Structure formats: C-alpha cells, structure tokens
>>> print(open('data_25.pdb').read())   # PDB, C-alpha atoms and all ligand atoms
ATOM      1  CA  MET A   1      24.182   6.455  11.456
ATOM      2  CA  SER A   2      21.748   5.824   8.668
ATOM      3  CA  ARG A   3      18.166   5.404   9.635
ATOM      4  CA  ARG A   4      16.195   3.211   7.318
ATOM      5  CA  ILE A   5      12.446   3.222   6.907
ATOM      6  CA  ALA A   6      10.299   0.865   4.822
ATOM      7  CA  LEU A   7       7.061   2.165   3.371
ATOM      8  CA  VAL A   8       5.131  -1.055   2.902
ATOM      9  CA  SER A   9       2.853  -1.434  -0.085
ATOM     10  CA  SER A  10       1.572  -3.974  -2.587
ATOM     11  CA  GLU A  11       1.992  -4.694  -6.289
ATOM     12  CA  ARG A  12      -0.787  -2.274  -7.187
ATOM     13  CA  GLY A  13      -0.039   0.194  -4.385
ATOM     14  CA  LEU A  14       3.515   0.691  -5.657
ATOM     15  CA  ARG A  15       2.093   1.674  -9.017
ATOM     16  CA  VAL A  16      -0.752   3.955  -8.010
ATOM     17  CA  ASP A  17      -0.630   5.062  -4.345
ATOM     18  CA  PRO A  18      -0.282   8.869  -4.705
ATOM     19  CA  ASP A  19       0.842   9.271  -1.062
ATOM     20  CA  LEU A  20       4.066   7.296  -1.566
ATOM     21  CA  PRO A  21       6.180   9.841  -3.518
ATOM     22  CA  LEU A  22       5.262  12.616  -1.073
ATOM     23  CA  ALA A  23       6.045  10.454   1.963
ATOM     24  CA  VAL A  24       9.362   9.323   0.444
ATOM     25  CA  ALA A  25      10.363  12.952  -0.216
ATOM     26  CA  ALA A  26       9.439  14.160   3.286
ATOM     27  CA  LEU A  27      11.236  11.262   4.993
ATOM     28  CA  GLY A  28      14.244  11.862   2.732
ATOM     29  CA  ASP A  29      14.276  15.555   3.740
ATOM     30  CA  ALA A  30      14.236  14.428   7.376
ATOM     31  CA  GLY A  31      17.394  12.383   6.761
ATOM     32  CA  TYR A  32      15.976   8.874   6.367
ATOM     33  CA  GLU A  33      16.795   6.293   3.790
ATOM     34  CA  VAL A  34      13.488   5.046   2.479
ATOM     35  CA  ASP A  35      12.707   1.779   0.721
ATOM     36  CA  LEU A  36       9.372   1.028  -0.917
ATOM     37  CA  VAL A  37       8.711  -2.657  -0.276
ATOM     38  CA  ARG A  38       5.854  -5.034  -1.015
ATOM     39  CA  TRP A  39       4.645  -6.743   2.146
ATOM     40  CA  ASP A  40       4.748 -10.077   0.298
ATOM     41  CA  ASP A  41       8.302  -9.632  -0.989
ATOM     42  CA  ALA A  42       9.857 -12.911   0.154
ATOM     43  CA  ALA A  43      13.364 -11.476  -0.268
ATOM     44  CA  ALA A  44      12.768  -8.485   2.025
ATOM     45  CA  ASP A  45      14.781  -8.441   5.244
ATOM     46  CA  TRP A  46      12.528  -6.578   7.667
ATOM     47  CA  SER A  47      15.162  -6.559  10.398
ATOM     48  CA  ARG A  48      17.121  -4.002   8.337
ATOM     49  CA  PHE A  49      14.546  -1.299   8.992
ATOM     50  CA  ASP A  50      14.290   0.925  12.043
ATOM     51  CA  LEU A  51      10.581   1.124  11.250
ATOM     52  CA  ALA A  52       8.289  -0.447   8.661
ATOM     53  CA  VAL A  53       5.235   1.693   7.961
ATOM     54  CA  VAL A  54       2.215  -0.117   6.529
ATOM     55  CA  ARG A  55       0.770   1.996   3.713
ATOM     56  CA  SER A  56      -0.997   0.574   0.664
ATOM     57  CA  CYS A  57      -1.212  -3.191   1.310
ATOM     58  CA  TRP A  58      -4.611  -3.246  -0.353
ATOM     59  CA  ASP A  59      -4.499  -6.924  -1.315
ATOM     60  CA  TYR A  60      -4.717  -7.932   2.361
ATOM     61  CA  ALA A  61      -8.494  -8.051   1.886
ATOM     62  CA  TRP A  62      -8.332 -11.436   0.126
ATOM     63  CA  ARG A  63      -5.109 -12.619   1.825
ATOM     64  CA  LEU A  64      -5.892 -11.693   5.417
ATOM     65  CA  ALA A  65      -4.392 -14.685   7.254
ATOM     66  CA  GLU A  66      -1.203 -14.436   5.194
ATOM     67  CA  PHE A  67      -1.016 -10.677   5.766
ATOM     68  CA  LEU A  68      -1.425 -10.939   9.541
ATOM     69  CA  ALA A  69       1.087 -13.797   9.703
ATOM     70  CA  TRP A  70       3.558 -11.552   7.862
ATOM     71  CA  ALA A  71       2.825  -8.636  10.231
ATOM     72  CA  GLU A  72       3.712 -10.883  13.203
ATOM     73  CA  THR A  73       7.200 -11.377  11.802
ATOM     74  CA  VAL A  74       8.169  -7.711  11.347
ATOM     75  CA  PRO A  75      10.281  -6.474  14.273
ATOM     76  CA  LYS A  76       9.051  -2.872  14.278
ATOM     77  CA  LEU A  77       5.807  -2.262  12.425
ATOM     78  CA  ARG A  78       3.310   0.594  12.458
ATOM     79  CA  ASN A  79       0.528   0.372  12.737
ATOM     80  CA  GLY A  80       1.312  -2.604  14.948
ATOM     81  CA  VAL A  81       0.057  -6.126  14.406
ATOM     82  CA  GLU A  82      -2.454  -5.934  17.305
ATOM     83  CA  VAL A  83      -4.063  -2.927  15.682
ATOM     84  CA  LEU A  84      -4.032  -4.585  12.250
ATOM     85  CA  ARG A  85      -5.609  -7.761  13.636
ATOM     86  CA  TRP A  86      -8.464  -5.766  15.144
ATOM     87  CA  ASN A  87      -8.909  -3.265  12.350
ATOM     88  CA  THR A  88      -8.818  -5.379   9.177
ATOM     89  CA  ASP A  89     -12.353  -6.666   9.885
ATOM     90  CA  LYS A  90     -15.163  -4.112  10.070
ATOM     91  CA  THR A  91     -16.693  -6.041  12.967
ATOM     92  CA  TYR A  92     -14.655  -3.479  14.967
ATOM     93  CA  LEU A  93     -17.666  -1.196  14.373
ATOM     94  CA  ARG A  94     -19.481  -3.232  17.048
ATOM     95  CA  ASP A  95     -16.751  -2.371  19.534
ATOM     96  CA  LEU A  96     -17.091   1.317  18.678
ATOM     97  CA  GLU A  97     -20.838   1.096  19.142
ATOM     98  CA  ARG A  98     -20.457  -0.685  22.481
ATOM     99  CA  ALA A  99     -18.118   2.112  23.550
ATOM    100  CA  GLY A 100     -20.972   4.564  22.935
ATOM    101  CA  LEU A 101     -19.557   6.010  19.708
ATOM    102  CA  PRO A 102     -21.878   6.860  16.806
ATOM    103  CA  VAL A 103     -21.545   4.384  13.915
ATOM    104  CA  VAL A 104     -23.572   3.768  10.764
ATOM    105  CA  ARG A 105     -26.521   1.525  11.621
ATOM    106  CA  THR A 106     -25.411  -1.968  10.621
ATOM    107  CA  VAL A 107     -27.066  -5.368  10.509
ATOM    108  CA  TRP A 108     -24.762  -8.381  10.406
ATOM    109  CA  ASN A 109     -25.647 -11.493   8.377
ATOM    110  CA  PRO A 110     -29.371 -10.788   7.854
ATOM    111  CA  LEU A 111     -31.477 -13.887   7.228
ATOM    112  CA  GLY A 112     -34.731 -12.369   5.982
ATOM    113  CA  PRO A 113     -36.537  -9.113   5.156
ATOM    114  CA  ALA A 114     -37.408  -8.502   8.816
ATOM    115  CA  ASP A 115     -33.697  -8.268   9.608
ATOM    116  CA  LEU A 116     -32.988  -5.438   7.185
ATOM    117  CA  PRO A 117     -32.569  -1.941   8.626
ATOM    118  CA  GLU A 118     -35.385   0.484   7.879
ATOM    119  CA  ALA A 119     -34.382   2.152   4.584
ATOM    120  CA  GLU A 120     -35.334   2.739   0.967
ATOM    121  CA  GLU A 121     -31.966   1.574  -0.261
ATOM    122  CA  TRP A 122     -29.303  -0.618   1.303
ATOM    123  CA  VAL A 123     -25.567  -1.066   1.066
ATOM    124  CA  VAL A 124     -24.314  -4.637   1.361
ATOM    125  CA  LYS A 125     -20.611  -5.309   1.909
ATOM    126  CA  PRO A 126     -18.307  -7.934   3.379
ATOM    127  CA  SER A 127     -16.717  -7.132   6.753
ATOM    128  CA  VAL A 128     -13.242  -7.709   5.291
ATOM    129  CA  SER A 129     -12.821  -5.546   2.230
ATOM    130  CA  ALA A 130     -11.040  -2.527   0.834
ATOM    131  CA  GLY A 131     -11.628  -0.330  -2.163
ATOM    132  CA  SER A 132     -15.378  -1.083  -2.104
ATOM    133  CA  ARG A 133     -14.849  -4.568  -3.518
ATOM    134  CA  ASP A 134     -17.858  -6.897  -3.275
ATOM    135  CA  THR A 135     -19.873  -3.876  -2.122
ATOM    136  CA  ALA A 136     -23.147  -2.770  -3.721
ATOM    137  CA  ARG A 137     -26.152  -0.525  -3.337
ATOM    138  CA  TRP A 138     -29.621  -2.069  -3.701
ATOM    139  CA  SER A 139     -33.129  -0.595  -3.820
ATOM    140  CA  ASP A 140     -34.684  -4.058  -3.837
ATOM    141  CA  ALA A 141     -34.730  -5.819  -0.453
ATOM    142  CA  SER A 142     -34.549  -9.309  -1.947
ATOM    143  CA  ALA A 143     -31.507  -8.349  -4.054
ATOM    144  CA  ALA A 144     -29.818  -7.057  -0.905
ATOM    145  CA  LEU A 145     -30.594 -10.324   0.885
ATOM    146  CA  VAL A 146     -29.290 -12.434  -2.014
ATOM    147  CA  HIS A 147     -26.043 -10.465  -1.975
ATOM    148  CA  ALA A 148     -25.722 -10.909   1.804
ATOM    149  CA  ALA A 149     -26.444 -14.651   1.464
ATOM    150  CA  GLN A 150     -23.769 -14.975  -1.234
ATOM    151  CA  LEU A 151     -21.203 -13.374   1.059
ATOM    152  CA  ALA A 152     -22.232 -15.649   3.949
ATOM    153  CA  ALA A 153     -22.065 -18.728   1.691
ATOM    154  CA  ALA A 154     -18.492 -17.754   0.835
ATOM    155  CA  GLY A 155     -17.691 -17.809   4.561
ATOM    156  CA  ARG A 156     -17.678 -14.046   4.899
ATOM    157  CA  THR A 157     -19.527 -11.756   7.307
ATOM    158  CA  ALA A 158     -22.159  -9.694   5.468
ATOM    159  CA  MET A 159     -22.939  -6.169   6.580
ATOM    160  CA  VAL A 160     -26.107  -4.323   5.591
ATOM    161  CA  GLN A 161     -26.529  -0.598   6.158
ATOM    162  CA  PRO A 162     -29.071   1.970   5.048
ATOM    163  CA  TYR A 163     -27.746   3.809   1.997
ATOM    164  CA  LEU A 164     -27.041   7.200   3.558
ATOM    165  CA  SER A 165     -27.968   9.607   0.788
ATOM    166  CA  SER A 166     -26.091  12.447   2.493
ATOM    167  CA  VAL A 167     -23.017  11.086   0.669
ATOM    168  CA  ASP A 168     -24.596  12.277  -2.586
ATOM    169  CA  ASP A 169     -24.454  15.951  -1.590
ATOM    170  CA  ARG A 170     -22.395  16.368   1.575
ATOM    171  CA  GLY A 171     -20.043  13.530   0.675
ATOM    172  CA  GLU A 172     -17.981  11.472   3.105
ATOM    173  CA  THR A 173     -15.451  13.293   5.309
ATOM    174  CA  ALA A 174     -12.103  11.626   5.926
ATOM    175  CA  MET A 175     -10.570  12.887   9.185
ATOM    176  CA  LEU A 176      -6.815  12.250   9.179
ATOM    177  CA  PHE A 177      -4.770  11.826  12.344
ATOM    178  CA  ILE A 178      -0.991  11.629  12.083
ATOM    179  CA  GLY A 179       1.314  11.111  15.055
ATOM    180  CA  GLY A 180      -1.459  11.334  17.627
ATOM    181  CA  ARG A 181      -3.037  14.570  16.396
ATOM    182  CA  PHE A 182      -5.683  15.672  13.973
ATOM    183  CA  SER A 183      -3.962  16.722  10.729
ATOM    184  CA  HIS A 184      -6.494  17.446   7.980
ATOM    185  CA  ALA A 185      -9.865  16.568   6.498
ATOM    186  CA  VAL A 186     -10.759  15.579   2.948
ATOM    187  CA  ARG A 187     -14.160  15.269   1.350
ATOM    188  CA  LYS A 188     -14.799  12.214  -0.800
ATOM    189  CA  GLY A 189     -17.675  12.092  -3.270
ATOM    190  CA  ALA A 190     -20.226   9.279  -3.371
ATOM    191  CA  LEU A 191     -19.101   6.031  -4.973
ATOM    192  CA  LEU A 192     -21.973   3.582  -5.368
ATOM    193  CA  GLU A 193     -24.275   4.086  -8.353
ATOM    194  CA  PRO A 194     -27.871   2.886  -8.190
ATOM    195  CA  GLY A 195     -28.451  -0.268 -10.199
ATOM    196  CA  GLU A 196     -24.792  -1.058 -10.913
ATOM    197  CA  GLY A 197     -24.652  -4.077  -8.599
ATOM    198  CA  VAL A 198     -21.422  -5.612  -7.325
ATOM    199  CA  ARG A 199     -18.274  -4.253  -8.930
ATOM    200  CA  GLN A 200     -14.612  -5.048  -8.335
ATOM    201  CA  ASP A 201     -13.076  -2.135 -10.186
ATOM    202  CA  ARG A 202     -14.133   1.025  -8.398
ATOM    203  CA  ASN A 203     -10.567   2.131  -8.107
ATOM    204  CA  SER A 204     -10.398   5.745  -9.059
ATOM    205  CA  ARG A 205     -11.110   8.271  -6.365
ATOM    206  CA  GLY A 206     -11.069  11.438  -8.411
ATOM    207  CA  ASP A 207     -13.598  13.344  -6.369
ATOM    208  CA  LEU A 208     -11.427  14.561  -3.461
ATOM    209  CA  SER A 209     -11.066  18.000  -1.926
ATOM    210  CA  ARG A 210      -9.670  19.353   1.284
ATOM    211  CA  VAL A 211     -12.312  20.696   3.670
ATOM    212  CA  MET A 212     -12.571  22.325   7.078
ATOM    213  CA  PRO A 213     -14.430  19.909   9.327
ATOM    214  CA  THR A 214     -17.292  21.104  11.500
ATOM    215  CA  ALA A 215     -16.885  21.252  15.272
ATOM    216  CA  GLU A 216     -19.241  18.273  15.513
ATOM    217  CA  GLN A 217     -17.093  16.233  13.122
ATOM    218  CA  ARG A 218     -13.980  17.185  15.103
ATOM    219  CA  ASP A 219     -15.657  16.042  18.325
ATOM    220  CA  VAL A 220     -16.811  12.684  16.967
ATOM    221  CA  ALA A 221     -13.500  11.926  15.265
ATOM    222  CA  GLY A 222     -11.571  13.009  18.363
ATOM    223  CA  ALA A 223     -13.646  10.722  20.580
ATOM    224  CA  VAL A 224     -13.133   7.768  18.211
ATOM    225  CA  PHE A 225      -9.403   8.404  18.030
ATOM    226  CA  ALA A 226      -9.140   8.642  21.814
ATOM    227  CA  ALA A 227     -11.029   5.350  22.213
ATOM    228  CA  ILE A 228      -8.512   3.298  20.194
ATOM    229  CA  HIS A 229      -6.261   3.009  23.242
ATOM    230  CA  ASP A 230      -8.965   1.130  25.192
ATOM    231  CA  LEU A 231     -10.329  -0.807  22.219
ATOM    232  CA  VAL A 232      -6.944  -2.342  21.400
ATOM    233  CA  PRO A 233      -5.452  -2.688  24.878
ATOM    234  CA  GLY A 234      -1.695  -2.820  25.150
ATOM    235  CA  ALA A 235      -1.063  -1.873  21.519
ATOM    236  CA  PRO A 236       1.343   0.934  20.701
ATOM    237  CA  ALA A 237      -0.360   4.204  19.764
ATOM    238  CA  PRO A 238      -1.259   4.361  16.071
ATOM    239  CA  LEU A 239       1.132   6.298  13.849
ATOM    240  CA  TYR A 240      -1.811   7.267  11.649
ATOM    241  CA  ALA A 241      -5.575   6.906  11.627
ATOM    242  CA  ARG A 242      -8.356   7.902   9.303
ATOM    243  CA  ILE A 243     -11.913   8.232  10.502
ATOM    244  CA  ASP A 244     -14.459   8.374   7.683
ATOM    245  CA  LEU A 245     -17.636  10.152   8.708
ATOM    246  CA  VAL A 246     -20.978  10.404   6.946
ATOM    247  CA  HIS A 247     -24.175  12.065   8.072
ATOM    248  CA  ASP A 248     -27.011   9.819   9.164
ATOM    249  CA  GLU A 249     -30.727  10.429   8.495
ATOM    250  CA  ALA A 250     -30.785  12.870  11.429
ATOM    251  CA  ALA A 251     -27.785  14.771   9.967
ATOM    252  CA  ARG A 252     -25.465  13.606  12.758
ATOM    253  CA  PRO A 253     -21.909  12.558  11.897
ATOM    254  CA  VAL A 254     -21.487   8.796  12.229
ATOM    255  CA  VAL A 255     -18.490   6.537  11.612
ATOM    256  CA  LEU A 256     -18.465   4.628   8.320
ATOM    257  CA  GLU A 257     -14.918   3.380   8.787
ATOM    258  CA  LEU A 258     -12.065   3.670  11.255
ATOM    259  CA  GLU A 259      -9.053   2.999   9.077
ATOM    260  CA  LEU A 260      -5.893   1.964  10.917
ATOM    261  CA  SER A 261      -4.636  -0.579   8.398
ATOM    262  CA  GLU A 262      -4.152   0.974   4.985
ATOM    263  CA  PRO A 263      -5.741   4.410   4.935
ATOM    264  CA  SER A 264      -4.860   6.687   2.081
ATOM    265  CA  LEU A 265      -3.644   9.786   3.904
ATOM    266  CA  PHE A 266      -4.643  12.063   1.009
ATOM    267  CA  LEU A 267      -1.255  13.775   1.058
ATOM    268  CA  PRO A 268      -1.685  15.350  -2.414
ATOM    269  CA  GLN A 269      -4.680  17.221  -0.958
ATOM    270  CA  ALA A 270      -2.738  18.278   2.175
ATOM    271  CA  PRO A 271       0.972  18.173   1.296
ATOM    272  CA  GLU A 272       2.162  19.382   4.719
ATOM    273  CA  GLY A 273       0.827  16.062   6.064
ATOM    274  CA  ALA A 274       3.939  14.368   4.635
ATOM    275  CA  ALA A 275       6.252  16.404   6.907
ATOM    276  CA  THR A 276       3.900  15.670   9.809
ATOM    277  CA  LEU A 277       4.293  11.967   9.028
ATOM    278  CA  ALA A 278       8.104  12.325   8.996
ATOM    279  CA  ARG A 279       7.985  14.034  12.411
ATOM    280  CA  ALA A 280       5.709  11.274  13.729
ATOM    281  CA  VAL A 281       8.207   8.649  12.522
ATOM    282  CA  GLU A 282      10.992  10.592  14.269
ATOM    283  CA  ALA A 283       9.004  10.638  17.520
ATOM    284  CA  GLU A 284       8.317   6.911  17.176
ATOM    285  CA  LEU A 285      12.018   6.115  16.829
ATOM    286  CA  GLN A 286      12.907   8.160  19.875
ATOM    287  CA  GLN A 287      10.719   6.021  22.114
TER     288      GLN A 287
HETATM  289  N1  LIG A 301     -24.080   3.031   4.248
HETATM  290  C1  LIG A 301     -23.578   3.670   3.183
HETATM  291  N2  LIG A 301     -24.244   4.713   2.611
HETATM  292  C2  LIG A 301     -23.751   5.349   1.522
HETATM  293  N3  LIG A 301     -22.604   4.999   0.900
HETATM  294  C3  LIG A 301     -21.899   3.965   1.422
HETATM  295  C4  LIG A 301     -22.335   3.256   2.581
HETATM  296  N4  LIG A 301     -21.433   2.281   2.840
HETATM  297  C5  LIG A 301     -20.472   2.387   1.901
HETATM  298  N5  LIG A 301     -20.757   3.396   1.040
HETATM  299  C6  LIG A 301     -19.931   3.815  -0.112
HETATM  300  O1  LIG A 301     -19.052   2.766  -0.454
HETATM  301  C7  LIG A 301     -17.685   3.156  -0.224
HETATM  302  C8  LIG A 301     -16.888   1.985   0.328
HETATM  303  O2  LIG A 301     -17.442   1.538   1.566
HETATM  304  P1  LIG A 301     -16.615   1.493   2.897
HETATM  305  O3  LIG A 301     -17.533   1.118   4.002
HETATM  306  O4  LIG A 301     -15.872   2.781   3.062
HETATM  307  O5  LIG A 301     -15.607   0.289   2.678
HETATM  308  P2  LIG A 301     -14.151   0.173   2.001
HETATM  309  O6  LIG A 301     -13.654   1.579   1.739
HETATM  310  O7  LIG A 301     -13.328  -0.515   3.030
HETATM  311  O8  LIG A 301     -14.351  -0.636   0.783
HETATM  312  C9  LIG A 301     -17.775   4.375   0.690
HETATM  313  O9  LIG A 301     -16.654   5.233   0.494
HETATM  314  C10 LIG A 301     -19.085   5.025   0.258
HETATM  315  O10 LIG A 301     -18.920   5.826  -0.923
HETATM  316 MG    MG A 302     -13.892   3.359   2.748
END
>>> encode(input="data_25.pdb", output="structure tokens")
Amino acid sequence: MSRRIALVSSERGLRVDPDLPLAVAALGDAGYEVDLVRWDDAAADWSRFDLAVVRSCWDYAWRLAEFLAWAETVPKLRNGVEVLRWNTDKTYLRDLERAGLPVVRTVWNPLGPADLPEAEEWVVKPSVSAGSRDTARWSDASAALVHAAQLAAAGRTAMVQPYLSSVDDRGETAMLFIGGRFSHAVRKGALLEPGEGVRQDRNSRGDLSRVMPTAEQRDVAGAVFAAIHDLVPGAPAPLYARIDLVHDEAARPVVLELELSEPSLFLPQAPEGAATLARAVEAELQQ
C-alpha cells in the first residue's frame, strides 16, 4: 500500500525552502511517496494524501482568511487547523504570558509616547507577519509611534517591543521540537539594522549555526512546548514546533516567537532532523 504525504508550501517556498529537499529524501527513505504542493493549488486533491504537512506557506501572512479557510478543508493536516488559527497571529504571546511563561515585553497598539515600553530603541511589527515583513527598528519614539499608527490604520494589530540588543551578540536561539521531543537548536544572527526603516525583502537568513542550548533555554522552551496542549485545547499534538528565544535586559531567555505554522526547521544545519520528521510522520499515521 502506498502511503502518500504532501509537503505543503507556496510559490516562493517551493523555490527556496532549503528544508524541502531534505524532508523529501528522508520521507522517501522511509517508504513514502511525497508530493510538494502549493497550499493554493486549486487542482490539488487533498483527500489523496494520508497526511498533508504544512511547511513553507509563507504567503499566509497577507492571505490569512483564505489560508485558514483552505486549512479547514484538508482532511488530515499537521499542524492542525486549530493550531494554525491560534498561531498565525502573534497575539498568542498574550496567552503565553497569562500562562506564566516568559515572553518579550510587548505593548499592543500604543497610542502615545507614554504607552511605549521603557527602551532606547523599539521594534514595531504587525501581529500577523512572517519573514520580518512590515517590521522595523526605531531609535526615535515618534517614528515608532507613526509606524504603529500606520499598521493600526491598515486594520492590523501593532506590536511594540524593546529592541533586545542581546540579538547583536548572543543572537536568537531557535529551539526545534519534532514529533513531541526537543530535536536541535540553531542560532540566528540579528536581522534589523538601525536606521533602515520598514523593509519587505529581508529574505536571506545566511547567519545560521547549530548550537547547544543552555539548561535555562531547554527549561523555558520545554515549558512553552508543554503548554501548547492547554493553550489550544482539543487540538492534536503538534508535529513540529519552533520556539525562538532571545535574552532580555536581565539576560533571561524569553520567547520572541512560538512558531507552529510555518517554522523553518533548519534541517541543513541538523540533517538528522529530517529522519526524525519522517519517524514523527510514521507515528502520526499509526494513531
Ligand atoms: N524585540 C526585538 N529585539 C530585537 N530584534 C527583534 C525583536 N523583534 C524582532 N526582532 C528581529 O526581527 C526578526 C523578525 O521578528 P519576529 O518577531 O521573529 O517575526 P517574524 O519572524 O514572524 O517576521 C527577528 O528574527 C529578530 O532578528
Ligand atoms: Mg521570527
């Protein structure tokens, strides 16, 4: 019996997602037939797949309603639509905070200077975004407020955070979970340049290296991962998760992002992660 898996991507993802060839090879080795399919491919028959695995659907950020409506129609999708609905808007950070988990200090839709978090520089970003689009770093409070007001005027939720300068030296640590377990960690360099303003084309992520996480990072990421079950009640367990940690002003690891929708798994940096993904798919199909 052939077992058929879809790795779901986007026009751009199919061209440049470096995880895809490694995932295809590992699933092939495990005996699966694998199709690479765009989520918005109107001709795709999703009922043909034993499992459709959401990977690089990066264009969901400006097509969210359409993307979630599509996700509803797929018979067996991971991560599941409940998780996608919750996780495609960074307002989930409030839920993490309410659950007592450490997150980057965030102000939502600030109206004036008194609302801004105490900082010398700020990051402003929309709550629905990927690939740092519409995101910028400001040293001028009024510029940060103008950016936030522009996002709000466009009907979006603006987020303002202190620029955590630890990303300039310690970087951001991506903690990857595959099939319910911690798999590997990758350090990402800083991305936002001072004075560059809003950019749409920060695509390349050259500055990546595998790292050993600290015990503190393991603890925080483990607690966040364990909390998903309660934060998205009734949803099937995530097939994959990425928890991006940065260090706050007190050098404590805090969550910048919990990525359950389209995280790069950084398989080129940790190639054995592809076989782990294939085993996780196998376990999923046996349920
Ligand atoms: N508060 C912050 N301090 C420092 N850098 C930040 C901050 N917020 C975002 N960045 C930078 O911008 C990038 C993109 O922001 P992020 O919150 O990860 O959104 P997304 O990856 O969904 O676009 C991060 O990888 C990081 O380099
Ligand atoms: Mg990110």
>>> closest_residue(input="data_25.pdb", among="A:Gly171, A:Gly131, A:Gly80, A:Pro162", to="ligand MG 302 (chain A)", atoms="only C-alpha atoms and all ligand atoms")
A:Gly131
>>> resolve_selection(input="data_25.pdb", expression="the PyMOL selection byres (((not hetatm)) within 10 of (chain A and resi 301))", output="PyMOL selection string")
chain A and resi 58+61+88-90+104-106+121-137+159-168+171-174+188-193+202+205+244-248+255-259+262-263
>>> resolve_selection(input="data_25.pdb", expression="the PyMOL selection byres (((chain A and resi 283) around 12) and not hetatm)", output="list in words")
Leu51, Ile178, Gly179, Gly180, Ala237, Leu239, Thr276, Leu277, Ala278, Arg279, Ala280, Val281, Glu282, Glu284, Leu285, Gln286 and Gln287 of chain A
>>> write_last_selection(input="data_25.pdb", atoms="C-alpha atoms", output="mmCIF file, in the coordinates of the input")
data_model
loop_
_atom_site.group_PDB
_atom_site.id
_atom_site.type_symbol
_atom_site.label_atom_id
_atom_site.label_comp_id
_atom_site.auth_asym_id
_atom_site.auth_seq_id
_atom_site.Cartn_x
_atom_site.Cartn_y
_atom_site.Cartn_z
ATOM 1 C CA LEU A 51 10.581 1.124 11.250
ATOM 2 C CA ILE A 178 -0.991 11.629 12.083
ATOM 3 C CA GLY A 179 1.314 11.111 15.055
ATOM 4 C CA GLY A 180 -1.459 11.334 17.627
ATOM 5 C CA ALA A 237 -0.360 4.204 19.764
ATOM 6 C CA LEU A 239 1.132 6.298 13.849
ATOM 7 C CA THR A 276 3.900 15.670 9.809
ATOM 8 C CA LEU A 277 4.293 11.967 9.028
ATOM 9 C CA ALA A 278 8.104 12.325 8.996
ATOM 10 C CA ARG A 279 7.985 14.034 12.411
ATOM 11 C CA ALA A 280 5.709 11.274 13.729
ATOM 12 C CA VAL A 281 8.207 8.649 12.522
ATOM 13 C CA GLU A 282 10.992 10.592 14.269
ATOM 14 C CA GLU A 284 8.317 6.911 17.176
ATOM 15 C CA LEU A 285 12.018 6.115 16.829
ATOM 16 C CA GLN A 286 12.907 8.160 19.875
ATOM 17 C CA GLN A 287 10.719 6.021 22.114
#
>>> atom_distance(input="data_25.pdb", atom1="CA of Asp140 in chain A", atom2="CA of Arg199 in chain A")
17.2 Å
>>> atom_distance(input="data_25.pdb", atom1="CA of Thr73 in chain A", atom2="CA of Gly28 in chain A")
25.9 Å
>>> residues_around(input="data_25.pdb", residues="Ala71 in chain A", least_positions_apart="2", cutoff="9 Å", atoms="all atoms listed in the file", output="ChimeraX atom specification")
/A:39,66-69,73-75,77,80-81,84
>>> closest_residue(input="data_25.pdb", among="A:Ala152, A:Ala275, A:Ala44, A:Ala235", to="Glu82 in chain A", atoms="all atoms listed in the file")
A:Ala235
>>> atom_distance(input="data_25.pdb", atom1="CA of Ala158 in chain A", atom2="CA of Asp115 in chain A")
12.3 Å
>>> resolve_selection(input="data_25.pdb", expression="the PyMOL selection byres (((chain A and resi 55) around 6) and not hetatm)", output="PyMOL selection string")
chain A and resi 8-9+54+56+262
>>> closest_residue(input="data_25.pdb", among="A:Ala30, A:Val107, A:Ala119, A:Met212", to="Thr91 in chain A", atoms="all atoms listed in the file")
A:Val107
>>> closest_residue(input="data_25.pdb", among="A:Arg242, A:Arg210, A:Ala23, A:Glu97", to="ligand MG 302 (chain A)", atoms="all atoms listed in the file")
A:Arg242
>>> build_atoms(input="data_25.pdb", residues="range 45-60 of chain A", atoms="N, CA and C atoms", output="compact mmCIF listing (two decimals), in the coordinates of the input")
# COMPACT_ATOMS: atom_id res chain seq x y z
N ASP A 45 14.26 -8.18 3.90
CA ASP A 45 14.78 -8.44 5.24
C ASP A 45 14.27 -7.33 6.16
N TRP A 46 13.21 -7.62 6.88
CA TRP A 46 12.53 -6.58 7.67
C TRP A 46 13.35 -6.13 8.86
N SER A 47 14.35 -6.95 9.24
CA SER A 47 15.16 -6.56 10.40
C SER A 47 16.11 -5.41 10.05
N ARG A 48 16.24 -5.10 8.76
CA ARG A 48 17.12 -4.00 8.34
C ARG A 48 16.50 -2.63 8.61
N PHE A 49 15.22 -2.60 8.90
CA PHE A 49 14.55 -1.30 8.99
C PHE A 49 14.35 -0.89 10.44
N ASP A 50 14.59 0.39 10.71
CA ASP A 50 14.29 0.92 12.04
C ASP A 50 12.79 0.96 12.26
N LEU A 51 12.04 1.13 11.17
CA LEU A 51 10.58 1.12 11.25
C LEU A 51 10.02 0.75 9.88
N ALA A 52 9.02 -0.13 9.90
CA ALA A 52 8.29 -0.45 8.66
C ALA A 52 6.88 0.14 8.82
N VAL A 53 6.51 0.98 7.87
CA VAL A 53 5.24 1.69 7.96
C VAL A 53 4.26 1.11 6.94
N VAL A 54 3.21 0.48 7.42
CA VAL A 54 2.22 -0.12 6.53
C VAL A 54 1.47 1.01 5.81
N ARG A 55 1.46 0.97 4.48
CA ARG A 55 0.77 2.00 3.71
C ARG A 55 -0.32 1.42 2.80
N SER A 56 0.05 0.95 1.62
CA SER A 56 -1.00 0.57 0.66
C SER A 56 -1.00 -0.93 0.38
N CYS A 57 -1.19 -1.72 1.44
CA CYS A 57 -1.21 -3.19 1.31
C CYS A 57 -2.63 -3.63 0.98
N TRP A 58 -3.18 -3.10 -0.10
CA TRP A 58 -4.61 -3.25 -0.35
C TRP A 58 -5.05 -4.68 -0.59
N ASP A 59 -4.11 -5.54 -1.03
CA ASP A 59 -4.50 -6.92 -1.32
C ASP A 59 -4.68 -7.76 -0.04
N TYR A 60 -4.49 -7.16 1.14
CA TYR A 60 -4.72 -7.93 2.36
C TYR A 60 -6.15 -8.44 2.43
